[in-house]
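Engineer: Right, I'll just put the structure down here and ask away after.
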Amino acid sequence: MGKMTQTQDPPGHIRVVVNGFEETVSPEFSIYDLMARLREGDRDLIVEHNGRFVFPARYKTTRLSPGDRIEMINPNFGG
């Protein structure tokens, strides 16, 4: 039987869930930092932090904690 291995996070880092996918980030990360890392620069992007809307003015001051759930929603539809 195959041996299961557990992924080790870098020391001092935390895990958050972004659009359903787990990400490992520094505990100092803000939503702004996360968006920069993921190259999300869409000005119309809607961001939810643990199910609550985050105003763009708060992106830099909203810090991430272990287990946080972030949803980035693009409201632009084709047509």
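Labels used: A, B, ... for chains in the order of the structure tokens, numbers from 1 for residues in each chain, and numbers from 1 for ligands as shown.
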Leaving out range 56-59 of chain A and any residue of its chain fewer than 3 positions from it, which residues lie within 8 Å of it when counting only C-alpha atoms, given as a PyMOL selection string?

Structural biologist: chain A and resi 30-32+62

Engineer: Take the residues that were just selected and, keeping C-alpha atoms, output them as a short mmCIF file (atom, residue, chain, number, x, y, z; two decimals), in the first residue's frame.

Structural biologist:
data_model
loop_
_atom_site.label_atom_id
_atom_site.label_comp_id
_atom_site.auth_asym_id
_atom_site.auth_seq_id
_atom_site.Cartn_x
_atom_site.Cartn_y
_atom_site.Cartn_z
CA SER A 30 -4.45 41.14 4.15
CA ILE A 31 -7.10 40.70 1.49
CA TYR A 32 -5.15 43.26 -0.55
CA THR A 62 -8.65 43.17 6.68
#

Engineer: Please report, as a ChimeraX atom specification, each residue of range 1-64 of chain A to which DSSP assigns alpha helix (DSSP H) when run on this structure's backbone.

Structural biologist: /A:31-37

Engineer: Could you write those residues out with N, CA and C atoms, as an mmCIF file, in the first residue's frame?

Structural biologist:
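Everything below was put into out-v3.cif:
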data_model
loop_
_atom_site.group_PDB
_atom_site.id
_atom_site.type_symbol
_atom_site.label_atom_id
_atom_site.label_comp_id
_atom_site.auth_asym_id
_atom_site.auth_seq_id
_atom_site.Cartn_x
_atom_site.Cartn_y
_atom_site.Cartn_z
ATOM 1 N N ILE A 31 -6.389 41.022 2.729
ATOM 2 C CA ILE A 31 -7.096 40.697 1.488
ATOM 3 C C ILE A 31 -6.380 41.351 0.307
ATOM 4 N N TYR A 32 -5.897 42.556 0.494
ATOM 5 C CA TYR A 32 -5.148 43.256 -0.555
ATOM 6 C C TYR A 32 -3.920 42.445 -0.983
ATOM 7 N N ASP A 33 -3.164 41.939 -0.001
ATOM 8 C CA ASP A 33 -1.975 41.135 -0.296
ATOM 9 C C ASP A 33 -2.341 39.863 -1.053
ATOM 10 N N LEU A 34 -3.426 39.226 -0.629
ATOM 11 C CA LEU A 34 -3.881 38.007 -1.291
ATOM 12 C C LEU A 34 -4.267 38.288 -2.741
ATOM 13 N N MET A 35 -4.976 39.383 -2.961
ATOM 14 C CA MET A 35 -5.382 39.753 -4.321
ATOM 15 C C MET A 35 -4.150 40.020 -5.194
ATOM 16 N N ALA A 36 -3.136 40.675 -4.633
ATOM 17 C CA ALA A 36 -1.910 40.945 -5.391
ATOM 18 C C ALA A 36 -1.206 39.633 -5.740
ATOM 19 N N ARG A 37 -1.142 38.739 -4.785
ATOM 20 C CA ARG A 37 -0.494 37.440 -5.028
ATOM 21 C C ARG A 37 -1.207 36.651 -6.126
#

Engineer: Which is closest to Val25 in chain A among A:Glu40, A:Arg52, A:Val47, A:Pro66, if we use only C-alpha atoms?

Structural biologist: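 Nearest candidate to Val25 in chain A out of A:Glu40, A:Arg52, A:Val47, A:Pro66: A:Pro66.
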
Engineer: I'd like the neighbourhood of Gly67 in chain A as a PyMOL selection string, where a residue qualifies if any of its atoms comes within 9 Å (using only C-alpha atoms), though same-chain residues fewer than 2 positions away should be ignored.

Structural biologist: chain A and resi 14-17+64-65+69

Engineer: Can you work out which one of A:Pro75, A:Ile70, A:Leu38, A:Glu48 has the shortest atom-to-atom distance to Asn19 in chain A, counting only C-alpha atoms?

Structural biologist: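 Closest to Asn19 in chain A, using only C-alpha atoms: A:Ile70.
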
Engineer: Run DSSP on the backbone and tell me which residues of chain A come out as strand (DSSP E or B); list them as a PyMOL selection string.

Structural biologist: chain A and resi 14-18+21-25+30+46-49+52-54+63+69-73

Engineer: Pick out the residues sitting within 8 Å of Asp44 in chain A, and hand them over as a PyMOL selection string; count only C-alpha atoms, and ignore anything fewer than 2 positions along from it in its own chain.

Structural biologist: chain A and resi 42+46+74-76

Engineer: Ranking A:Gly41, A:Phe53, A:Ile73, A:Asp68 by minimum distance to Pro27 in chain A and counting only C-alpha atoms, which one comes first?

Structural biologist: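 The shortest atom-to-atom distance to Pro27 in chain A comes from A:Asp68.
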
Engineer: For CA of Glu71 in chain A and CA of Val54 in chain A, determine how far apart the two atoms are, in Å to one decimal place.

Structural biologist: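 CA of Glu71 in chain A sits 10.3 Å away from CA of Val54 in chain A.
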